[in-house]
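*Asks:* Before I ask anything, here is the structure I am working with.
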Amino acid sequence: MKQKLESLLQQAVTALKTQGILENDFIAQINLERTRDVLHGDFATNLAMMLAKPAKLNPRQLAEKIVAALPNDALISKVDIAGPGFINFFINPDSQFQIVKQVLDAGAEFGSSKIGVGKRVQVEFVSANPTGPLHVGHGRGAAYGSAVADLLAAAGFEVEREYYVNDAGRQMDILATSVWLRYLEACGEVLPFPSNGYRGEYVRDISANLHKKAGDAYRRASTLVMADLPADEPQGGDKEKHIDALIDRAKTLLGEAYKEVFQAGLDEILDDIKDDLAEFGVSYQQWFSERSLMDDHSVEQALRRLDAAGYLYQQEGATWFASSRLGDEKDRVVVRDNGQTTYFASDIAYHMHKLDRGFDQIVNIWGADHHGYIPRVKAAMQALGADESKLKVLLVQFAILYRGDEKVQMSTRSGEFVTLRQLRSEVGRDACRFFYVMRKSEQHMDFDLKLATSRSNENPVYYVQYAHARVCSVLRQLDEKGRQRNPHLGMENLNLLTEEQEAALLTTLSKYPETLERAAVNYEPHQLIHYLRELANQFHSYYNAHQFLVDDEKLCNARINLICAVKQVLVNALSLLKINAPEAM
RNA sequence: GCGCUUGUAGCUCAGCUGGAUAGAGCAUCGGCCUUCUAAGCCGAGGGUCGCAGGUUCGAGUCCUGCCAAGCGUGCCA
């Protein structure tokens, strides 16, 4: 409908050009909007005001010429010129009714578009370190990321969802060492636990499983483990030096077996994360291992490419990437003075790998605390000779948890956190997903557990689901009264839908495709939530104002068709967000 | 200090890429169940859009400068 109007306007502009009012080579951008006030019709354009200057006419005069040049079309019942030069379009009611048929004919497909057809997009999200279970902060990234991916898919893009697994590096060594130490405790050894180790209960669980499976195979005497270690922080030492020494000790004492302990920890946590996400309705095509970039020498290769391009230099025993030449605020180390590559070096290789896979667009969804990281990654892409605009980084602010007025502290290290799993079991998946994407991603978000866990009517997800359940209930009532639906009769009598609430619903239904499209291209799933609330609101108003199951068969079926269309759109939008549409509540 | 993000009703947030009289939900107040689910509906009150300039037909939206909050500013990941 909107596209049709835009093309009519384009024709009018062309006509003005042939009349000599506009320069022939002038390119007019048509800006057509939904009106906020019904008095202004259904659509409005500011075209006359935009073109007033180049046409050297005042906006209202020009508007008249545009209207005169506008081809006739059955779609439009009236065109007005208003205010400083707005052109308002009133849509013919007969064409408004057609939306009901369009929705019911298209079914689950209604709303999806083809704007992304032929374009491959990769969406990488969550990618939390596998050093512990996902917490509520990751939950927001998961809900947001999967919604963005699903929106893009609905817009016709070929979408690949990916999780980058940080299975290399010091944090993982700390985890492996923590697992081993708890394992030693399970064996009966007595030894202190490092202040910088992972103290969460889940580490004990992993160790217990390891002990059950492997017996005392990895047991070493605590005296050997603790011999000549630098002091831990509570004892006046340095906790970093202490933990590093412990890691070295684990590697020395275990030898090749260290890898088995390491792998046991990684596997168990990663399995838990995969499981957790699957239950949350989040799926991936690809779990990409950081370690694989080292094993297949991608990191070395990436560094060689940077070197060949003249972006690497040596200083103080380390190798630096001259990212400041490409917009970063300072240069970055890629190989440490101890010969180990940094996390950033892996990330350069990872993005090189993404580029090589030929995506048209690469979307990274990061926690907002990583924002300082964007310039250096973009710098790396440029240094690799790639178009950095292919990369879109979307930042998600962490959700700040409250229990009533009290802020809940979270730290994976200390083990004090609320996991995504806990949150889901308390709030339920539907409310979880709804809450997480309700807000714009870069908004700070207060997540009050007390409120979210209270199963009260304050919860907006119930409001939307209730609308769906009510439609289902009406259909059940129809059946119980021994009456039959006659969709065909309803379709022929859509013009009986003349109530104020019916007109509002027709308009809102017709807005769904453009809402979906806008939400997709802007990466803003919250727009879909707002749409759902509006649609549910209008349906509830309608429900209260009018009876659907009236004696008049024609009117009754027309109304049933309308609410079935509402039901369909509710289902389409909710299922996109992986939220249930219950038949009864 | 510098950088990024945010600042809209008592609270939590929208505001369709610069449009017409700034909107929802909670909360407060007043109404609506012998008729399809009251987890609902209808109505009322509540605003210097952080502050000050600027750009133009027109600014919550764009530019500049302040103010405030969060985050970042590792040879951690």
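Labeling convention for the structure tokens: chains A, B, ... as they appear, residues from 1 per chain, ligands from 1 in order of appearance.
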List the neighbours of stretch 212-218 of chain A out to 7 Å using only C-alpha atoms (C1' of nucleotides); skip same-chain residues closer than 4 positions along the sequence, and give me the result as an NGL selection string.

*Replies:* :A and (187 or 208 or 254)

*Asks:* Tell me the residues of chain A close to chain B, meaning within 6 Å using only C-alpha atoms (C1' of nucleotides), as a list of chain:residue names.

*Replies:* A:Arg336, A:Asp369, A:Gly372, A:Asn457, A:Val474, A:Ser541, A:Asn544

*Asks:* As a PDB file with all heavy atoms, in the first residue's frame, please: every residue in stretch 193-310 of chain A that a backbone DSSP assignment puts in strand (DSSP E).

*Replies:*
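That gives us result.pdb:
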```pdb
ATOM      1  N   GLN A 286      26.698 -22.195  13.866  1.00  0.00           N
ATOM      2  CA  GLN A 286      28.132 -22.344  13.983  1.00  0.00           C
ATOM      3  C   GLN A 286      28.625 -22.008  15.392  1.00  0.00           C
ATOM      4  O   GLN A 286      28.265 -20.980  15.944  1.00  0.00           O
ATOM      5  CB  GLN A 286      28.775 -21.366  12.976  1.00  0.00           C
ATOM      6  CG  GLN A 286      30.240 -21.547  12.738  1.00  0.00           C
ATOM      7  CD  GLN A 286      30.534 -22.688  11.790  1.00  0.00           C
ATOM      8  OE1 GLN A 286      31.193 -23.638  12.175  1.00  0.00           O
ATOM      9  NE2 GLN A 286      30.027 -22.618  10.567  1.00  0.00           N
ATOM     10  N   TRP A 287      29.422 -22.918  15.964  1.00  0.00           N
ATOM     11  CA  TRP A 287      30.132 -22.628  17.213  1.00  0.00           C
ATOM     12  C   TRP A 287      31.588 -22.536  16.826  1.00  0.00           C
ATOM     13  O   TRP A 287      32.218 -23.550  16.546  1.00  0.00           O
ATOM     14  CB  TRP A 287      29.875 -23.719  18.248  1.00  0.00           C
ATOM     15  CG  TRP A 287      28.450 -23.778  18.687  1.00  0.00           C
ATOM     16  CD1 TRP A 287      27.402 -24.275  17.987  1.00  0.00           C
ATOM     17  CD2 TRP A 287      27.915 -23.264  19.907  1.00  0.00           C
ATOM     18  NE1 TRP A 287      26.225 -24.114  18.694  1.00  0.00           N
ATOM     19  CE2 TRP A 287      26.516 -23.506  19.883  1.00  0.00           C
ATOM     20  CE3 TRP A 287      28.461 -22.632  21.026  1.00  0.00           C
ATOM     21  CZ2 TRP A 287      25.673 -23.140  20.928  1.00  0.00           C
ATOM     22  CZ3 TRP A 287      27.614 -22.272  22.065  1.00  0.00           C
ATOM     23  CH2 TRP A 287      26.238 -22.516  22.009  1.00  0.00           C
ATOM     24  N   PHE A 288      32.112 -21.324  16.804  1.00  0.00           N
ATOM     25  CA  PHE A 288      33.441 -21.118  16.238  1.00  0.00           C
ATOM     26  C   PHE A 288      34.495 -21.054  17.335  1.00  0.00           C
ATOM     27  O   PHE A 288      34.444 -20.217  18.216  1.00  0.00           O
ATOM     28  CB  PHE A 288      33.453 -19.832  15.412  1.00  0.00           C
ATOM     29  CG  PHE A 288      34.643 -19.731  14.518  1.00  0.00           C
ATOM     30  CD1 PHE A 288      34.557 -20.126  13.196  1.00  0.00           C
ATOM     31  CD2 PHE A 288      35.854 -19.255  15.005  1.00  0.00           C
ATOM     32  CE1 PHE A 288      35.657 -20.045  12.371  1.00  0.00           C
ATOM     33  CE2 PHE A 288      36.964 -19.177  14.175  1.00  0.00           C
ATOM     34  CZ  PHE A 288      36.866 -19.579  12.858  1.00  0.00           C
ATOM     35  N   SER A 289      35.455 -21.957  17.238  1.00  0.00           N
ATOM     36  CA  SER A 289      36.473 -22.086  18.289  1.00  0.00           C
ATOM     37  C   SER A 289      37.659 -21.152  18.068  1.00  0.00           C
ATOM     38  O   SER A 289      38.256 -21.125  16.987  1.00  0.00           O
ATOM     39  CB  SER A 289      36.955 -23.538  18.324  1.00  0.00           C
ATOM     40  OG  SER A 289      38.267 -23.623  18.819  1.00  0.00           O
TER      41      SER A 289
END
```

*Asks:* Kindly indicate which residue among A:Leu449, A:Gln10, A:Phe434, A:Leu549 lies nearest to A:Leu532, using only C-alpha atoms for the distances.

*Replies:*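 So, comparing all the options, the nearest one is A:Phe434.
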
*Asks:* Atom CA of A:Gln285 and atom CA of A:Val437, how far apart in Å?

*Replies:*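 Between atom CA of A:Val437 and atom CA of A:Gln285 the gap is 22.0 Å.
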
*Asks:* For A:Val261, work out the shell of residues within 9 Å, counting only C-alpha atoms (C1' of nucleotides) and skipping chain neighbours fewer than 2 positions away, then give it as a PyMOL selection string.

*Replies:* chain A and resi 176-177+179-180+210+218+257-259+263-266

*Asks:* If DSSP is run on the backbone, what residues of stretch 68-317 of chain A are alpha helix (DSSP H)? A reply as a ChimeraX atom specification would be ideal.

*Replies:* /A:68-69,93-106,136-154,170-187,201-214,222-226,239-254,257-279,290-295,298-308

*Asks:* When distances are computed from only C-alpha atoms, which of A:Ile115, A:Val13, A:Asp552, A:Val126 shows the smallest separation from A:Ile27?

*Replies:*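 Going through A:Ile115, A:Val13, A:Asp552, A:Val126 one by one, the smallest distance to A:Ile27 is for A:Val13.
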